[in-house]
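First comes the structure, then the notes that go with it.
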Amino acid sequence: MLFEPSESELYAALIASDESYDGHVFVGVTSTGIFCRLTCPARKPKRENCRFFQNAAECLAAGFRPCKRCHPMRPAAEADPIIRDLLAAMEERADHRWSEADIVGMGHDPSTVRRAFKRQYGITFLEMARLDRLRRGFHVLNAGGRIIDAQLEAGFSSPSAFREAFARLIGEAPGRLSAKPTLRADWVDTPLGAMIAVADQHALHLLEFVDRKALPSELKRLTIAARGSLGIDRTPIHDLVSNELAAFFAGRSAQFTAPLVFHGSAFTRSVWQELQRIKPGETRSYGDVARAIGRPEAVRAVARANGANQIALIVPCHRVVGADGSLTGYGGGLWRKQKLIDIEVAFAGRD
């Protein structure tokens with residue numbers, strides 16, 4: 001949580017069903033043993049029966065069980081009818097080029113939609129729809145298709161618009177990608193959004209959410225560090241990573257076995273290796289990590305190394321929180337960080 005409101009302020013937010021706290025604060029009701037979102041439609045509890053928590057994991061650890069009305073273990077986005085309607089419409093009309101006029105035509109206010117999606121996903125609905133179109137073009141290129149075919153599949157009427165959109169995502173226009181690359185990028189869909197995985201035939205080099213603004217520059221640095229070339233293709237490593245991510249999100253396993261290549265200084269690599277020692281369902285502070293690598297004075301450097309991690313989820317930088325237990329910056333968005341921590345509650349204590 002990026003703020004420190006008093007308990008009286010949190011109770012006032014609970015009474016008002018304040019959406020700005022949704023996903024950031026939960027309330028445990030001691031009289032029922034249930035924890036809820038502050039926006040729960042159930043009758044509001046008395047002040048003396050309320051305990052406030054920063055995430056669902058803390059609620060569970062304190063002995064509360066999730067409410068069956070507001071479903072606090074689900075992403076907050078699923079409870080928003082505007083988001084639910086638009087995501088369903090985007091899925092039904094996969095080939096459509098969405099505009100604000102379409103949003104108005106569905107009876108929604110564009111500014112309300114923009115705020116709802118930015119709050120939950122960090123990007124707008126129109127940006128999300130654009131990424132979905134790029135995904136289709138990406139798959140055409142991965143299958144060996146022509147650039148013009150990828151452009152048309154992605155719904156871009158202009159070749160230049162497709163090139164510019166693709167370059168904003170990957171850092172290179174499709175025509176400049178290598179036909180015989182040493183590093184291969186592929187698209188990986190997850191319940192928390194699409195990711196780009198970059199691998200060679202033997203190991204994974206990068207795994208990032210496609211809406212991370214730093215992705216194009218990360219790909220450029222990676223290509224230079226690996227002294228190779230980047231193209232679009234799939235390797236057995238991509239298949240392994242995709243299967244293990246699917247098992248993770250299904251709650252079957254938090255084990256990742258894909259070989260990894262770390263591109264960073266010796267200090268940065270030591271931080272990433274320490275992150276891999278944090279067990280699912282557990283969190284550490286930056287100070288904890290600094291002490292674990294024998295550099296207790298290097299808390300800020302640890303934070304920088306944590307933020308520079310290019311292999312999301314598998315190198316679990318999301319398990320690092322503030323010294324007070326609050327959520328801190330995460331390149332994939334704090335909503336994803338919270339959801340990942342909540343998912344991993346189910347893995348706590350497993351071998």
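Starting from 1 in every chain, residues are counted up; chains themselves are A, B, ... following the order of the structure tokens, and ligands are numbered from 1 as listed.
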### Query
Tell me, which residues of segment 57-186 of chain A carry DSSP alpha helix (DSSP H), written as a PyMOL selection string?
chain A and resi 57-61+81-92+100-105+110-121+125-142+147-153+159-170
### Ala323 of chain A environment, 10 Å, only C-alpha atoms, sequence neighbours closer than 5 positions dropped, as a list in words
Arg284, Ser285, Tyr286, Gly287, Asp288 and Thr328 of chain A
Contacts of Glu244 of chain A at 12 Å or less, counting only C-alpha atoms, minus same-chain residues fewer than 2 places along, as an mmCIF file with N, CA and C atoms, in the first residue's frame?
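Heads up, here's the output in around17.cif:
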```cif
data_model
loop_
_atom_site.group_PDB
_atom_site.id
_atom_site.type_symbol
_atom_site.label_atom_id
_atom_site.label_comp_id
_atom_site.auth_asym_id
_atom_site.auth_seq_id
_atom_site.Cartn_x
_atom_site.Cartn_y
_atom_site.Cartn_z
ATOM 1 N N VAL A 188 3.276 -15.211 -24.911
ATOM 2 C CA VAL A 188 2.749 -16.173 -23.942
ATOM 3 C C VAL A 188 1.548 -15.535 -23.249
ATOM 4 N N THR A 190 -1.288 -15.302 -20.348
ATOM 5 C CA THR A 190 -1.503 -15.711 -18.962
ATOM 6 C C THR A 190 -2.772 -15.037 -18.440
ATOM 7 N N ILE A 237 12.155 -24.289 -25.187
ATOM 8 C CA ILE A 237 12.156 -23.529 -23.938
ATOM 9 C C ILE A 237 10.847 -22.765 -23.781
ATOM 10 N N HIS A 238 10.341 -22.187 -24.873
ATOM 11 C CA HIS A 238 9.056 -21.498 -24.816
ATOM 12 C C HIS A 238 7.935 -22.461 -24.414
ATOM 13 N N ASP A 239 7.963 -23.651 -24.963
ATOM 14 C CA ASP A 239 6.938 -24.638 -24.609
ATOM 15 C C ASP A 239 7.004 -24.986 -23.129
ATOM 16 N N LEU A 240 8.223 -25.178 -22.621
ATOM 17 C CA LEU A 240 8.399 -25.517 -21.210
ATOM 18 C C LEU A 240 7.897 -24.384 -20.320
ATOM 19 N N VAL A 241 8.285 -23.153 -20.637
ATOM 20 C CA VAL A 241 7.866 -22.002 -19.829
ATOM 21 C C VAL A 241 6.347 -21.851 -19.869
ATOM 22 N N SER A 242 5.746 -21.982 -21.034
ATOM 23 C CA SER A 242 4.293 -21.856 -21.161
ATOM 24 C C SER A 242 3.572 -22.901 -20.312
ATOM 25 N N ALA A 246 1.267 -22.176 -16.978
ATOM 26 C CA ALA A 246 -0.112 -22.674 -16.903
ATOM 27 C C ALA A 246 -0.336 -23.447 -15.615
ATOM 28 N N ALA A 247 0.638 -24.266 -15.218
ATOM 29 C CA ALA A 247 0.524 -25.031 -13.968
ATOM 30 C C ALA A 247 0.515 -24.094 -12.761
ATOM 31 N N PHE A 248 1.306 -23.029 -12.837
ATOM 32 C CA PHE A 248 1.350 -22.052 -11.747
ATOM 33 C C PHE A 248 -0.010 -21.382 -11.561
ATOM 34 N N PHE A 249 -0.576 -20.875 -12.640
ATOM 35 C CA PHE A 249 -1.838 -20.148 -12.526
ATOM 36 C C PHE A 249 -3.015 -21.079 -12.220
ATOM 37 N N ALA A 250 -2.865 -22.354 -12.530
ATOM 38 C CA ALA A 250 -3.915 -23.323 -12.189
ATOM 39 C C ALA A 250 -3.792 -23.808 -10.749
ATOM 40 N N GLY A 251 -2.730 -23.372 -10.056
ATOM 41 C CA GLY A 251 -2.547 -23.764 -8.664
ATOM 42 C C GLY A 251 -1.939 -25.142 -8.484
ATOM 43 N N ARG A 252 -1.374 -25.711 -9.564
ATOM 44 C CA ARG A 252 -0.812 -27.067 -9.471
ATOM 45 C C ARG A 252 0.632 -27.073 -9.016
ATOM 46 N N SER A 253 1.398 -26.086 -9.434
ATOM 47 C CA SER A 253 2.825 -26.111 -9.123
ATOM 48 C C SER A 253 3.422 -24.709 -9.244
ATOM 49 N N ALA A 254 4.347 -24.401 -8.331
ATOM 50 C CA ALA A 254 5.088 -23.143 -8.413
ATOM 51 C C ALA A 254 6.550 -23.410 -8.736
ATOM 52 N N GLN A 255 6.825 -24.598 -9.270
ATOM 53 C CA GLN A 255 8.180 -24.977 -9.632
ATOM 54 C C GLN A 255 8.460 -24.624 -11.095
ATOM 55 N N PHE A 256 9.573 -23.949 -11.323
ATOM 56 C CA PHE A 256 9.995 -23.601 -12.688
ATOM 57 C C PHE A 256 11.369 -24.216 -12.936
ATOM 58 N N THR A 257 11.478 -24.987 -13.993
ATOM 59 C CA THR A 257 12.713 -25.739 -14.246
ATOM 60 C C THR A 257 13.471 -25.265 -15.479
ATOM 61 N N ALA A 258 12.940 -24.275 -16.197
ATOM 62 C CA ALA A 258 13.617 -23.815 -17.413
ATOM 63 C C ALA A 258 14.981 -23.227 -17.056
ATOM 64 N N LEU A 313 8.123 -13.406 -12.587
ATOM 65 C CA LEU A 313 7.477 -14.586 -12.007
ATOM 66 C C LEU A 313 8.483 -15.682 -11.674
ATOM 67 N N ILE A 314 9.299 -16.097 -12.660
ATOM 68 C CA ILE A 314 10.242 -17.188 -12.424
ATOM 69 C C ILE A 314 11.352 -16.731 -11.486
#
```
### Message
Applying 6 Å and only C-alpha atoms, which residues near segment 27-31 of chain A remain after dropping the ones on its own chain fewer than 6 positions away? List them as a list in words.
### Response
Asn49, Cys50, Arg51 and Phe52 of chain A
### Task
For atom CA of Ile343 of chain A and atom CA of His318 of chain A, determine how far apart the two atoms are, in Å to one decimal place.
11.7 Å
### Task
Using only C-alpha atoms, pick whichever of A:Arg319, A:Arg168, A:Thr235, A:Pro191 has the shortest atom-to-atom distance to Lys220 of chain A.
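Nearest to Lys220 of chain A: A:Arg168.
Across A:Ala62, A:Leu260, A:Val271, A:Ala179, the tightest approach to Ala301 of chain A is made by A:Val271 when counting only C-alpha atoms.
Using only C-alpha atoms, the shortest contact distance between Asp80 of chain A and any of A:Arg227, A:Arg119, A:Lys44, A:Arg336 is found at A:Arg119.
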### Query
What does the distance between atom CA of Ala203 of chain A and atom CA of Arg300 of chain A come to in Å, to one decimal place?
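We find that atom CA of Ala203 of chain A and atom CA of Arg300 of chain A lie 29.4 Å from each other.
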### Message
Show me, as a list of chain:residue names, the residues that have an atom within 8 Å of Leu230 of chain A when counting only C-alpha atoms, minus same-chain residues fewer than 3 positions from it.
### Response
A:Leu177, A:Ser178, A:Pro181, A:Thr182, A:Leu183, A:Arg184, A:Ala185, A:Thr223
Deliver the residues from the most recent selection as a file, using C-alpha atoms, as a CSV table (one decimal), in the first residue's frame.
```
chain,number,residue,atom,x,y,z
A,177,LEU,CA,14.2,-8.6,-37.3
A,178,SER,CA,16.6,-11.4,-38.1
A,181,PRO,CA,18.1,-15.2,-35.0
A,182,THR,CA,20.1,-16.4,-32.0
A,183,LEU,CA,17.4,-15.1,-29.6
A,184,ARG,CA,13.7,-15.9,-30.3
A,185,ALA,CA,10.7,-14.0,-29.0
A,223,THR,CA,20.3,-8.3,-27.7
```
### Minimum-distance residue to Ala12 of chain A, chosen among A:Leu38, A:Ile148, A:Val210, A:Met195 (using only C-alpha atoms)
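Result for the nearest residue to Ala12 of chain A: A:Leu38.
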### Message
Given only C-alpha atoms as the basis, pick out the residue of A:Leu334, A:Ala197, A:Pro280, A:Ala346 nearest to Gln310 of chain A.
### Response
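Nearest candidate to Gln310 of chain A out of A:Leu334, A:Ala197, A:Pro280, A:Ala346: A:Ala197.
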### Message
Could you check the closest approach to Leu327 of chain A for each of A:Ala150, A:Leu169, A:Cys40, A:Val25 and tell me which residue wins, using only C-alpha atoms?
### Response
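Of all the options, A:Val25 lies closest to Leu327 of chain A.
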For Cys36 of chain A, work out the shell of residues within 12 Å, counting only C-alpha atoms and skipping chain neighbours fewer than 3 positions away, then give it as a PDB file with N, CA and C atoms, in the first residue's frame.
```
ATOM      1  N   LEU A  14     -14.742   2.045   4.179  1.00  0.00           N
ATOM      2  CA  LEU A  14     -15.571   0.830   4.178  1.00  0.00           C
ATOM      3  C   LEU A  14     -17.056   1.205   4.128  1.00  0.00           C
ATOM      4  N   SER A  17     -17.921   2.374   0.759  1.00  0.00           N
ATOM      5  CA  SER A  17     -17.578   1.446  -0.339  1.00  0.00           C
ATOM      6  C   SER A  17     -16.649   2.121  -1.338  1.00  0.00           C
ATOM      7  N   TYR A  21      -9.765   2.038  -2.722  1.00  0.00           N
ATOM      8  CA  TYR A  21      -9.027   1.132  -1.846  1.00  0.00           C
ATOM      9  C   TYR A  21      -9.113  -0.323  -2.312  1.00  0.00           C
ATOM     10  N   ASP A  22      -9.913  -0.579  -3.339  1.00  0.00           N
ATOM     11  CA  ASP A  22     -10.174  -1.954  -3.755  1.00  0.00           C
ATOM     12  C   ASP A  22      -8.885  -2.629  -4.216  1.00  0.00           C
ATOM     13  N   GLY A  23      -8.591  -3.770  -3.621  1.00  0.00           N
ATOM     14  CA  GLY A  23      -7.376  -4.501  -3.954  1.00  0.00           C
ATOM     15  C   GLY A  23      -6.171  -4.078  -3.144  1.00  0.00           C
ATOM     16  N   HIS A  24      -6.275  -2.953  -2.406  1.00  0.00           N
ATOM     17  CA  HIS A  24      -5.160  -2.449  -1.606  1.00  0.00           C
ATOM     18  C   HIS A  24      -5.391  -2.623  -0.110  1.00  0.00           C
ATOM     19  N   VAL A  25      -6.659  -2.675   0.292  1.00  0.00           N
ATOM     20  CA  VAL A  25      -7.012  -2.843   1.698  1.00  0.00           C
ATOM     21  C   VAL A  25      -8.166  -3.835   1.799  1.00  0.00           C
ATOM     22  N   PHE A  26      -8.109  -4.702   2.813  1.00  0.00           N
ATOM     23  CA  PHE A  26      -9.182  -5.661   3.074  1.00  0.00           C
ATOM     24  C   PHE A  26      -9.591  -5.524   4.535  1.00  0.00           C
ATOM     25  N   VAL A  27     -10.817  -5.915   4.820  1.00  0.00           N
ATOM     26  CA  VAL A  27     -11.298  -5.850   6.195  1.00  0.00           C
ATOM     27  C   VAL A  27     -11.644  -7.248   6.689  1.00  0.00           C
ATOM     28  N   GLY A  28     -11.123  -7.596   7.849  1.00  0.00           N
ATOM     29  CA  GLY A  28     -11.490  -8.836   8.511  1.00  0.00           C
ATOM     30  C   GLY A  28     -12.531  -8.529   9.578  1.00  0.00           C
ATOM     31  N   VAL A  29     -13.618  -9.276   9.597  1.00  0.00           N
ATOM     32  CA  VAL A  29     -14.714  -9.034  10.538  1.00  0.00           C
ATOM     33  C   VAL A  29     -14.639 -10.097  11.629  1.00  0.00           C
ATOM     34  N   THR A  30     -14.269  -9.689  12.817  1.00  0.00           N
ATOM     35  CA  THR A  30     -14.019 -10.650  13.902  1.00  0.00           C
ATOM     36  C   THR A  30     -15.286 -11.378  14.344  1.00  0.00           C
ATOM     37  N   THR A  32     -17.621 -12.542  12.458  1.00  0.00           N
ATOM     38  CA  THR A  32     -18.006 -13.588  11.499  1.00  0.00           C
ATOM     39  C   THR A  32     -16.833 -14.456  11.066  1.00  0.00           C
ATOM     40  N   GLY A  33     -15.587 -13.965  11.260  1.00  0.00           N
ATOM     41  CA  GLY A  33     -14.421 -14.708  10.803  1.00  0.00           C
ATOM     42  C   GLY A  33     -14.208 -14.609   9.302  1.00  0.00           C
ATOM     43  N   THR A  39     -15.496  -2.694  -0.678  1.00  0.00           N
ATOM     44  CA  THR A  39     -16.667  -2.444  -1.524  1.00  0.00           C
ATOM     45  C   THR A  39     -17.710  -3.556  -1.424  1.00  0.00           C
ATOM     46  N   CYS A  40     -17.546  -4.472  -0.484  1.00  0.00           N
ATOM     47  CA  CYS A  40     -18.478  -5.599  -0.358  1.00  0.00           C
ATOM     48  C   CYS A  40     -19.914  -5.094  -0.157  1.00  0.00           C
ATOM     49  N   PRO A  41     -20.886  -5.686  -0.865  1.00  0.00           N
ATOM     50  CA  PRO A  41     -22.277  -5.228  -0.735  1.00  0.00           C
ATOM     51  C   PRO A  41     -22.969  -5.711   0.538  1.00  0.00           C
ATOM     52  N   ALA A  42     -22.321  -6.579   1.297  1.00  0.00           N
ATOM     53  CA  ALA A  42     -22.943  -7.070   2.532  1.00  0.00           C
ATOM     54  C   ALA A  42     -23.116  -5.930   3.541  1.00  0.00           C
ATOM     55  N   ARG A  43     -23.957  -6.138   4.550  1.00  0.00           N
ATOM     56  CA  ARG A  43     -24.177  -5.125   5.580  1.00  0.00           C
ATOM     57  C   ARG A  43     -22.859  -4.796   6.277  1.00  0.00           C
ATOM     58  N   LYS A  44     -22.628  -3.521   6.489  1.00  0.00           N
ATOM     59  CA  LYS A  44     -21.351  -3.076   7.039  1.00  0.00           C
ATOM     60  C   LYS A  44     -21.229  -3.471   8.513  1.00  0.00           C
ATOM     61  N   PRO A  45     -20.058  -3.969   8.902  1.00  0.00           N
ATOM     62  CA  PRO A  45     -19.863  -4.390  10.297  1.00  0.00           C
ATOM     63  C   PRO A  45     -19.661  -3.198  11.225  1.00  0.00           C
ATOM     64  N   CYS A  50     -13.856  -4.703  13.282  1.00  0.00           N
ATOM     65  CA  CYS A  50     -13.076  -4.616  12.037  1.00  0.00           C
ATOM     66  C   CYS A  50     -11.568  -4.640  12.297  1.00  0.00           C
ATOM     67  N   ARG A  51     -10.884  -5.413  11.481  1.00  0.00           N
ATOM     68  CA  ARG A  51      -9.416  -5.373  11.418  1.00  0.00           C
ATOM     69  C   ARG A  51      -9.051  -5.168   9.955  1.00  0.00           C
ATOM     70  N   PHE A  52      -8.096  -4.272   9.701  1.00  0.00           N
ATOM     71  CA  PHE A  52      -7.745  -3.944   8.319  1.00  0.00           C
ATOM     72  C   PHE A  52      -6.389  -4.545   7.954  1.00  0.00           C
ATOM     73  N   PHE A  53      -6.318  -5.048   6.721  1.00  0.00           N
ATOM     74  CA  PHE A  53      -5.121  -5.720   6.228  1.00  0.00           C
ATOM     75  C   PHE A  53      -4.760  -5.178   4.844  1.00  0.00           C
ATOM     76  N   GLN A  54      -3.479  -5.351   4.479  1.00  0.00           N
ATOM     77  CA  GLN A  54      -3.001  -4.832   3.203  1.00  0.00           C
ATOM     78  C   GLN A  54      -3.161  -5.814   2.058  1.00  0.00           C
ATOM     79  N   ASN A  55      -3.340  -7.071   2.360  1.00  0.00           N
ATOM     80  CA  ASN A  55      -3.525  -8.046   1.281  1.00  0.00           C
ATOM     81  C   ASN A  55      -4.261  -9.273   1.816  1.00  0.00           C
ATOM     82  N   ALA A  56      -4.711 -10.096   0.880  1.00  0.00           N
ATOM     83  CA  ALA A  56      -5.484 -11.283   1.248  1.00  0.00           C
ATOM     84  C   ALA A  56      -4.648 -12.289   2.028  1.00  0.00           C
ATOM     85  N   CYS A  59      -4.862 -11.600   5.645  1.00  0.00           N
ATOM     86  CA  CYS A  59      -6.172 -11.996   6.173  1.00  0.00           C
ATOM     87  C   CYS A  59      -6.221 -13.490   6.466  1.00  0.00           C
ATOM     88  N   LEU A  60      -5.729 -14.272   5.512  1.00  0.00           N
ATOM     89  CA  LEU A  60      -5.737 -15.722   5.686  1.00  0.00           C
ATOM     90  C   LEU A  60      -4.842 -16.137   6.849  1.00  0.00           C
ATOM     91  N   PHE A  64      -8.889 -15.500   8.950  1.00  0.00           N
ATOM     92  CA  PHE A  64     -10.152 -15.139   8.298  1.00  0.00           C
ATOM     93  C   PHE A  64     -10.332 -15.933   7.007  1.00  0.00           C
ATOM     94  N   ARG A  65     -11.567 -16.193   6.634  1.00  0.00           N
ATOM     95  CA  ARG A  65     -11.858 -16.890   5.382  1.00  0.00           C
ATOM     96  C   ARG A  65     -12.506 -15.904   4.400  1.00  0.00           C
ATOM     97  N   PRO A  66     -12.340 -16.116   3.097  1.00  0.00           N
ATOM     98  CA  PRO A  66     -12.850 -15.145   2.122  1.00  0.00           C
ATOM     99  C   PRO A  66     -14.362 -15.107   2.037  1.00  0.00           C
ATOM    100  N   CYS A  67     -14.891 -13.915   1.833  1.00  0.00           N
ATOM    101  CA  CYS A  67     -16.321 -13.684   1.697  1.00  0.00           C
ATOM    102  C   CYS A  67     -16.834 -14.290   0.390  1.00  0.00           C
ATOM    103  N   LYS A  68     -18.021 -14.894   0.442  1.00  0.00           N
ATOM    104  CA  LYS A  68     -18.599 -15.492  -0.755  1.00  0.00           C
ATOM    105  C   LYS A  68     -19.416 -14.503  -1.574  1.00  0.00           C
ATOM    106  N   ARG A  69     -19.552 -13.269  -1.065  1.00  0.00           N
ATOM    107  CA  ARG A  69     -20.301 -12.267  -1.821  1.00  0.00           C
ATOM    108  C   ARG A  69     -19.375 -11.374  -2.652  1.00  0.00           C
ATOM    109  N   CYS A  70     -18.272 -10.902  -2.054  1.00  0.00           N
ATOM    110  CA  CYS A  70     -17.381  -9.990  -2.795  1.00  0.00           C
ATOM    111  C   CYS A  70     -16.138 -10.683  -3.344  1.00  0.00           C
ATOM    112  N   HIS A  71     -15.927 -11.972  -2.997  1.00  0.00           N
ATOM    113  CA  HIS A  71     -14.828 -12.779  -3.543  1.00  0.00           C
ATOM    114  C   HIS A  71     -13.492 -12.025  -3.504  1.00  0.00           C
ATOM    115  N   PRO A  72     -12.951 -11.748  -2.325  1.00  0.00           N
ATOM    116  CA  PRO A  72     -11.726 -10.944  -2.238  1.00  0.00           C
ATOM    117  C   PRO A  72     -10.484 -11.608  -2.813  1.00  0.00           C
ATOM    118  N   MET A  73     -10.541 -12.916  -3.078  1.00  0.00           N
ATOM    119  CA  MET A  73      -9.379 -13.580  -3.678  1.00  0.00           C
ATOM    120  C   MET A  73      -9.358 -13.438  -5.202  1.00  0.00           C
ATOM    121  N   ARG A  74     -10.440 -12.937  -5.773  1.00  0.00           N
ATOM    122  CA  ARG A  74     -10.458 -12.723  -7.212  1.00  0.00           C
ATOM    123  C   ARG A  74      -9.884 -11.349  -7.526  1.00  0.00           C
ATOM    124  N   ALA A  76      -9.878  -7.644  -8.576  1.00  0.00           N
ATOM    125  CA  ALA A  76     -10.962  -6.667  -8.441  1.00  0.00           C
ATOM    126  C   ALA A  76     -11.626  -6.392  -9.779  1.00  0.00           C
TER     127      ALA A  76
END
```
